[in-house]
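Single-structure report; data block below.
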Amino acid sequence: MSDIQLRTPVAADGRLGASVEHPGLSDPRYLRRRGAIAAPARSHRVGDPSPPVDYSETEEQTWRIVHQALWTAQREHACRGVLDAREQAAIPADHIPQHAEVASRLRRLTGFDFTLAGGVVENKRFLGSMAEGYFHAVQFVRHSAMPLFTPEPDVIHDVFGHGIHLASPAFADIYRLIGQAAMRVEDEDVLQMISDVYWFTLEYGVLDEGGEPKAYGAALLSSYGEIRRLRRSRIRPLSIRAMLATKYDICGYQPVLFSARCLDEITDTLGGFLEQLDDESAPRFGRTPSASARCGAEEQ
Ligand SMILES: [Fe+2]
């Protein structure tokens with residue numbers, strides 16, 4: 001597991017990069033706090049309990065502000081499957097849930113658990129752990145100066161995105177399919193292919209509901225700015241080959257989203273792709289090590 005790295009900032013209003021200063025980069029107290037919360041991840045073994053975090057009132061206030069905003073935005077822009085799942089997830093409005101609190105509910109619903117991440121997690125570990133019902137999640141909170149601004153995945157992203165998914169047996173099955181494929185292969189290019197498909201589905205996927213794009217991807221569900229601008233993206237039909245041919249930049253809002261007609265289509269399409277993967281698969285899909293654009297680290 002590598003050290004903490006920050007993504008280029010993305011503001012809630014869509015402004016990107018250098019025009020927006022990351023609110024934490026110039027705040028040594030924030031960086032120390034963030035580093036202290038993330039530090040135990042360096043020696044964390046998958047499946048070990050995450051250490052509890054004594055969140056400050058400032059962090060709790062940030063949670064409450066974002067909870068209120070996302071709860072409303074999701075109601076308008078998330079797909080029905082997500083809205084049903086979030087009822088089961090029972091995300092608290094008044095406090096940041098500890099990993100143990102999240103997991104106690106997820107275990108009962110789908111058998112999943114959060115396992116500790118401090119930032120970047122390499123593909124084999126991150127994706128492969130899903131086969132065993134573990135999702136790598138961080139515990140630190142975004143900077144309080146801009147509560148609706150997310151420069152990187154934080155505990156709000158993980159709970160409001162992946163935590164909701166993993167309260168749903170149907171979504172949990174997709175995570176497991178991805179994990180099982182990742183466990184079967186060692187080739188880095190193939191693992192990156194899985195990661196790229198994960199990106200365009202479980203992070204940035206949308207569903208068509210009555211002609212309207214509705215979000216199911218965790219990154220969309222946890223971004224107050226991005227979930228409200230789905231119509232501004234170029235929305236293409238679900239296609240693994242198209243996903244693998246689409247370069248993306250983790251540093252900003254996604255200009256291209258892939259839309260499915262229903263959750264079963266996602267499961268069937270991903271399942272068909274994943275089950276055929278082996279360590280020789282990359283050339284068959286025309287993949288090279290530099291097929292996807294990267295500008296920094298991604299916790300995923
Ligand atoms: Fe994520």
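Ordering of the structure tokens sets the chain letters (A, B, ...), residue numbers begin anew at 1 in every chain, and ligands are numbered from 1 in the order given.
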
Please identify all protein, DNA and RNA residues within 7 Å of ligand 1, counting only C-alpha atoms and all ligand atoms, and report them as a compact mmCIF listing (two decimals) with C-alpha atoms, in the first residue's frame.
```
# COMPACT_ATOMS: atom_id res chain seq x y z
CA PRO A 153 -12.24 9.43 -2.06
CA HIS A 157 -17.37 8.45 -0.65
CA ASP A 158 -16.91 4.96 0.70
CA GLY A 161 -21.09 4.98 -2.57
CA HIS A 162 -19.75 1.53 -1.85
CA GLU A 203 -17.70 4.01 -9.88
CA ALA A 218 -20.24 5.08 -6.24
CA ALA A 219 -18.26 8.11 -7.41
CA GLU A 299 -7.96 5.02 -4.00
CA GLN A 300 -10.74 3.50 -6.03
```

Do you have, as CSV, the list of residues of segment 212-249 of chain A lying at most 8 Å from segment 73-76 of chain A, each with its nearest atom pair and that distance in Å to one decimal, counting only C-alpha atoms and ordered by chain then number?
```
residue,atom,partner,partner_atom,distance
A:Leu221,CA,A:Gln74,CA,6.5
A:Tyr224,CA,A:Ala73,CA,6.7
A:Ile227,CA,A:Ala73,CA,7.2
A:Arg228,CA,A:Ala73,CA,7.0
```

Output the selection as a PDB file, in the first residue's frame - C-alpha atoms for each residue.
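File produced: selection-v1.pdb:
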```pdb
ATOM      1  CA  LEU A 221     -23.463   8.789  -5.674  1.00  0.00           C
ATOM      2  CA  TYR A 224     -22.853  16.364  -4.914  1.00  0.00           C
ATOM      3  CA  ILE A 227     -24.493  13.554  -9.689  1.00  0.00           C
ATOM      4  CA  ARG A 228     -26.437  16.688 -10.602  1.00  0.00           C
TER       5      ARG A 228
END
```

Selected residue, from A:Val82, A:Leu274, A:Ile178, A:Val66, that lies nearest to Ala131 of chain A when counting only C-alpha atoms: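 Of A:Val82, A:Leu274, A:Ile178, A:Val66, the one nearest Ala131 of chain A, counting only C-alpha atoms, is A:Ile178.
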
May I have the residues within 12 Å of Gln68 of chain A as an mmCIF file with N, CA and C atoms, in the first residue's frame, using only C-alpha atoms and disregarding those fewer than 3 positions away in the same chain?
```cif
data_model
loop_
_atom_site.group_PDB
_atom_site.id
_atom_site.type_symbol
_atom_site.label_atom_id
_atom_site.label_comp_id
_atom_site.auth_asym_id
_atom_site.auth_seq_id
_atom_site.Cartn_x
_atom_site.Cartn_y
_atom_site.Cartn_z
ATOM 1 N N GLN A 61 -19.365 17.568 11.816
ATOM 2 C CA GLN A 61 -20.173 18.620 11.174
ATOM 3 C C GLN A 61 -20.089 18.510 9.656
ATOM 4 N N THR A 62 -18.893 18.222 9.147
ATOM 5 C CA THR A 62 -18.736 18.028 7.703
ATOM 6 C C THR A 62 -19.611 16.874 7.227
ATOM 7 N N TRP A 63 -19.604 15.800 7.974
ATOM 8 C CA TRP A 63 -20.444 14.645 7.633
ATOM 9 C C TRP A 63 -21.921 15.044 7.558
ATOM 10 N N ARG A 64 -22.378 15.785 8.569
ATOM 11 C CA ARG A 64 -23.803 16.136 8.618
ATOM 12 C C ARG A 64 -24.194 17.018 7.427
ATOM 13 N N ILE A 65 -23.311 17.937 7.068
ATOM 14 C CA ILE A 65 -23.600 18.820 5.924
ATOM 15 C C ILE A 65 -23.697 18.006 4.629
ATOM 16 N N TRP A 71 -28.221 13.197 0.484
ATOM 17 C CA TRP A 71 -29.480 12.469 0.655
ATOM 18 C C TRP A 71 -30.517 13.000 -0.330
ATOM 19 N N THR A 72 -30.550 14.317 -0.451
ATOM 20 C CA THR A 72 -31.506 14.950 -1.361
ATOM 21 C C THR A 72 -31.106 14.722 -2.818
ATOM 22 N N ALA A 73 -29.833 14.907 -3.119
ATOM 23 C CA ALA A 73 -29.379 14.766 -4.510
ATOM 24 C C ALA A 73 -29.568 13.334 -5.000
ATOM 25 N N GLN A 74 -29.283 12.364 -4.144
ATOM 26 C CA GLN A 74 -29.474 10.973 -4.554
ATOM 27 C C GLN A 74 -30.945 10.680 -4.830
ATOM 28 N N ARG A 75 -31.808 11.230 -4.014
ATOM 29 C CA ARG A 75 -33.240 10.958 -4.216
ATOM 30 C C ARG A 75 -33.662 11.364 -5.620
ATOM 31 N N ILE A 91 -27.693 4.663 6.636
ATOM 32 C CA ILE A 91 -26.554 5.547 6.908
ATOM 33 C C ILE A 91 -26.963 6.596 7.937
ATOM 34 N N PRO A 92 -26.236 6.705 9.035
ATOM 35 C CA PRO A 92 -26.640 7.666 10.068
ATOM 36 C C PRO A 92 -26.450 9.106 9.610
ATOM 37 N N ALA A 93 -27.408 9.958 9.960
ATOM 38 C CA ALA A 93 -27.309 11.367 9.593
ATOM 39 C C ALA A 93 -26.492 12.156 10.604
ATOM 40 N N ASP A 94 -26.433 11.666 11.840
ATOM 41 C CA ASP A 94 -25.902 12.502 12.927
ATOM 42 C C ASP A 94 -24.462 12.191 13.304
ATOM 43 N N HIS A 95 -23.868 11.159 12.747
ATOM 44 C CA HIS A 95 -22.474 10.859 13.084
ATOM 45 C C HIS A 95 -21.815 10.045 11.978
ATOM 46 N N PRO A 147 -17.075 21.402 2.307
ATOM 47 C CA PRO A 147 -17.664 20.086 2.577
ATOM 48 C C PRO A 147 -18.250 19.395 1.352
ATOM 49 N N LEU A 148 -18.656 20.166 0.338
ATOM 50 C CA LEU A 148 -19.240 19.531 -0.842
ATOM 51 C C LEU A 148 -18.213 19.349 -1.958
ATOM 52 N N ILE A 156 -16.738 9.568 3.334
ATOM 53 C CA ILE A 156 -18.063 9.896 2.800
ATOM 54 C C ILE A 156 -18.280 9.179 1.469
ATOM 55 N N PHE A 160 -21.217 6.463 1.326
ATOM 56 C CA PHE A 160 -22.344 6.854 0.482
ATOM 57 C C PHE A 160 -22.310 6.202 -0.897
ATOM 58 N N SER A 222 -21.584 9.771 -4.504
ATOM 59 C CA SER A 222 -20.958 10.486 -3.388
ATOM 60 C C SER A 222 -20.455 11.871 -3.784
ATOM 61 N N TYR A 224 -21.710 15.460 -4.801
ATOM 62 C CA TYR A 224 -22.853 16.364 -4.914
ATOM 63 C C TYR A 224 -22.823 17.130 -6.231
#
```

Among the residues A:Ile164, A:Ser26, A:Glu57, A:Thr115, the one that comes closest to Ser43 of chain A [using only C-alpha atoms]: A:Thr115

Closest of A:Gly118, A:Ala69, A:Gln98, A:Tyr55 to Ala41 of chain A - atom-to-atom distances counting only C-alpha atoms: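 Comparing A:Gly118, A:Ala69, A:Gln98, A:Tyr55 against Ala41 of chain A, the winner is A:Gly118.
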
Pick from A:Pro255, A:Leu127, A:Gly24, A:Gly286 nearest to Ser233 of chain A, counting only C-alpha atoms: A:Pro255

Residues near Pro28 of chain A, cut-off 12 Å, only C-alpha atoms, skip fewer than 6 positions along chain, as an MDAnalysis selection string: chainID A and resid 34:35 143

Separation of atom CA of Leu191 of chain A from atom CA of Ser259 of chain A in Å: 22.7 Å

Near-segment 192-197 of chain A list (9 Å; only C-alpha atoms; drop same-chain fewer than 5 positions) as a list in words: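 Answer for this query is Asn123, Leu127, Ile178, Ala181, Ala182, Asp187, Leu202, Ile240, Met243, Leu244, Tyr248, Leu270, Leu274, Ala282, Arg287, Pro289, Ser292 and Gln300 of chain A.
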
Residue subset to file, keeping all heavy atoms, as a tab-separated table (two decimals), in the first residue's frame:
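For reference, out-v4.tsv as written:
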```
chain	number	residue	atom	x	y	z
A	123	ASN	N	-4.04	-2.95	-7.54
A	123	ASN	CA	-5.20	-3.62	-8.14
A	123	ASN	C	-5.46	-5.01	-7.62
A	123	ASN	O	-6.60	-5.37	-7.34
A	123	ASN	CB	-5.02	-3.69	-9.67
A	123	ASN	CG	-5.38	-2.38	-10.36
A	123	ASN	OD1	-6.17	-1.59	-9.83
A	123	ASN	ND2	-4.82	-2.15	-11.53
A	127	LEU	N	-8.98	-5.31	-5.84
A	127	LEU	CA	-10.03	-6.02	-6.56
A	127	LEU	C	-10.20	-7.44	-6.03
A	127	LEU	O	-11.33	-7.91	-5.83
A	127	LEU	CB	-9.70	-6.07	-8.05
A	127	LEU	CG	-9.59	-4.71	-8.76
A	127	LEU	CD1	-8.96	-4.88	-10.14
A	127	LEU	CD2	-10.97	-4.06	-8.88
A	178	ILE	N	-16.21	-9.43	-9.85
A	178	ILE	CA	-14.95	-8.71	-10.14
A	178	ILE	C	-13.81	-9.29	-9.30
A	178	ILE	O	-12.71	-9.53	-9.81
A	178	ILE	CB	-15.15	-7.20	-9.87
A	178	ILE	CG1	-16.04	-6.60	-10.96
A	178	ILE	CG2	-13.82	-6.47	-9.76
A	178	ILE	CD1	-16.45	-5.16	-10.72
A	181	ALA	N	-12.59	-12.72	-10.61
A	181	ALA	CA	-11.76	-12.61	-11.82
A	181	ALA	C	-10.37	-12.10	-11.45
A	181	ALA	O	-9.36	-12.60	-11.97
A	181	ALA	CB	-12.43	-11.66	-12.82
A	182	ALA	N	-10.30	-11.12	-10.57
A	182	ALA	CA	-9.00	-10.56	-10.18
A	182	ALA	C	-8.15	-11.60	-9.46
A	182	ALA	O	-6.91	-11.59	-9.58
A	182	ALA	CB	-9.21	-9.34	-9.30
A	187	ASP	N	-1.53	-11.10	-14.38
A	187	ASP	CA	-1.02	-10.15	-15.36
A	187	ASP	C	-1.54	-8.73	-15.06
A	187	ASP	O	-2.74	-8.51	-14.94
A	187	ASP	CB	-1.48	-10.58	-16.77
A	187	ASP	CG	-0.89	-9.67	-17.83
A	187	ASP	OD1	0.24	-9.92	-18.25
A	187	ASP	OD2	-1.58	-8.71	-18.23
A	202	LEU	N	-18.99	0.35	-11.52
A	202	LEU	CA	-19.28	0.54	-10.09
A	202	LEU	C	-18.87	1.92	-9.57
A	202	LEU	O	-19.35	2.35	-8.52
A	202	LEU	CB	-18.61	-0.56	-9.26
A	202	LEU	CG	-19.22	-1.94	-9.48
A	202	LEU	CD1	-18.49	-3.00	-8.65
A	202	LEU	CD2	-20.71	-1.96	-9.14
A	240	ILE	N	-18.34	-3.40	-22.97
A	240	ILE	CA	-17.02	-3.63	-22.38
A	240	ILE	C	-15.93	-3.15	-23.32
A	240	ILE	O	-14.98	-2.47	-22.90
A	240	ILE	CB	-16.81	-5.13	-22.08
A	240	ILE	CG1	-17.85	-5.62	-21.05
A	240	ILE	CG2	-15.38	-5.39	-21.61
A	240	ILE	CD1	-17.71	-5.04	-19.68
A	243	MET	N	-15.66	0.53	-23.20
A	243	MET	CA	-15.03	0.98	-21.95
A	243	MET	C	-13.51	0.81	-22.03
A	243	MET	O	-12.75	1.69	-21.63
A	243	MET	CB	-15.55	0.15	-20.76
A	243	MET	CG	-16.97	0.44	-20.38
A	243	MET	SD	-17.48	-0.69	-19.05
A	243	MET	CE	-19.22	-0.34	-18.99
A	244	LEU	N	-13.09	-0.33	-22.53
A	244	LEU	CA	-11.66	-0.61	-22.58
A	244	LEU	C	-10.94	0.28	-23.60
A	244	LEU	O	-9.73	0.45	-23.52
A	244	LEU	CB	-11.42	-2.08	-22.91
A	244	LEU	CG	-11.85	-3.07	-21.82
A	244	LEU	CD1	-11.65	-4.51	-22.29
A	244	LEU	CD2	-11.09	-2.83	-20.52
A	248	TYR	N	-9.54	7.62	-19.78
A	248	TYR	CA	-10.19	8.46	-18.77
A	248	TYR	C	-9.15	9.11	-17.89
A	248	TYR	O	-8.02	8.67	-17.80
A	248	TYR	CB	-11.20	7.66	-17.94
A	248	TYR	CG	-10.63	6.48	-17.18
A	248	TYR	CD1	-10.19	6.61	-15.86
A	248	TYR	CD2	-10.55	5.22	-17.75
A	248	TYR	CE1	-9.68	5.54	-15.16
A	248	TYR	CE2	-10.06	4.13	-17.06
A	248	TYR	CZ	-9.62	4.30	-15.75
A	248	TYR	OH	-9.13	3.23	-15.06
A	270	LEU	N	-20.92	-7.84	-17.44
A	270	LEU	CA	-19.66	-7.97	-16.71
A	270	LEU	C	-19.30	-9.44	-16.50
A	270	LEU	O	-18.14	-9.83	-16.65
A	270	LEU	CB	-19.74	-7.25	-15.35
A	270	LEU	CG	-19.06	-5.90	-15.26
A	270	LEU	CD1	-19.72	-4.91	-16.19
A	270	LEU	CD2	-19.06	-5.39	-13.84
A	274	LEU	N	-15.85	-11.09	-17.53
A	274	LEU	CA	-14.92	-11.49	-16.48
A	274	LEU	C	-14.62	-12.98	-16.52
A	274	LEU	O	-13.48	-13.40	-16.26
A	274	LEU	CB	-15.50	-11.11	-15.12
A	274	LEU	CG	-15.62	-9.60	-14.85
A	274	LEU	CD1	-16.50	-9.35	-13.64
A	274	LEU	CD2	-14.25	-8.96	-14.67
A	282	ALA	N	-5.03	-9.76	-22.36
A	282	ALA	CA	-4.81	-8.35	-22.73
A	282	ALA	C	-4.66	-8.14	-24.23
A	282	ALA	O	-5.33	-7.27	-24.80
A	282	ALA	CB	-3.63	-7.78	-21.96
A	287	ARG	N	-5.05	-4.38	-25.59
A	287	ARG	CA	-4.60	-3.56	-24.48
A	287	ARG	C	-3.08	-3.51	-24.38
A	287	ARG	O	-2.40	-4.51	-24.60
A	287	ARG	CB	-5.16	-4.08	-23.16
A	287	ARG	CG	-6.66	-3.89	-23.05
A	287	ARG	CD	-7.05	-2.42	-23.18
A	287	ARG	NE	-6.46	-1.66	-22.12
A	287	ARG	CZ	-7.13	-1.19	-21.07
A	287	ARG	NH1	-8.42	-1.39	-20.96
A	287	ARG	NH2	-6.52	-0.52	-20.12
A	289	PRO	N	0.09	-1.54	-21.77
A	289	PRO	CA	0.21	-1.00	-20.40
A	289	PRO	C	-0.18	0.45	-20.27
A	289	PRO	O	-0.51	0.90	-19.19
A	289	PRO	CB	1.70	-1.19	-20.09
A	289	PRO	CG	2.12	-2.33	-20.95
A	289	PRO	CD	1.32	-2.19	-22.22
A	292	SER	N	-4.75	3.37	-20.54
A	292	SER	CA	-5.61	4.31	-19.83
A	292	SER	C	-4.80	5.48	-19.32
A	292	SER	O	-3.66	5.33	-18.89
A	292	SER	CB	-6.27	3.62	-18.62
A	292	SER	OG	-7.16	2.64	-19.07
A	300	GLN	N	-9.72	4.33	-5.44
A	300	GLN	CA	-10.74	3.50	-6.03
A	300	GLN	C	-11.78	3.15	-5.01
A	300	GLN	O	-11.92	2.04	-4.59
A	300	GLN	CB	-10.15	2.26	-6.68
A	300	GLN	CG	-9.12	2.63	-7.76
A	300	GLN	CD	-8.65	1.46	-8.57
A	300	GLN	OE1	-9.39	0.95	-9.37
A	300	GLN	NE2	-7.44	1.04	-8.37
```

Shell around segment 45-47 of chain A at 8 Å using only C-alpha atoms, local window under 6 positions removed, as a ChimeraX atom specification: /A:113,115-116,129,134

How would the residues just chosen look if you wrote them out with C-alpha atoms as a compact mmCIF listing (two decimals), in the first residue's frame?
```txt
# COMPACT_ATOMS: atom_id res chain seq x y z
CA ASP A 113 -17.19 -5.97 5.29
CA THR A 115 -11.31 -3.43 5.42
CA LEU A 116 -8.92 -0.57 6.06
CA SER A 129 -10.35 -8.84 -1.81
CA TYR A 134 -13.88 -7.28 1.72
```

DSSP-assigned strand (DSSP E or B) among segment 27-235 of chain A, expressed as an MDAnalysis selection string: chainID A and resid 78 113:116 134:137 206:209 212:215 234:235

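Shortest separation to Ser56 of chain A among A:Phe171, A:Tyr30, A:Phe200, A:Phe258 occurs at residue A:Tyr30, atoms counted being only C-alpha atoms.
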
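Rounded to one decimal, atom CA of Ile96 of chain A and atom CA of Gln254 of chain A lie 27.7 Å from each other.
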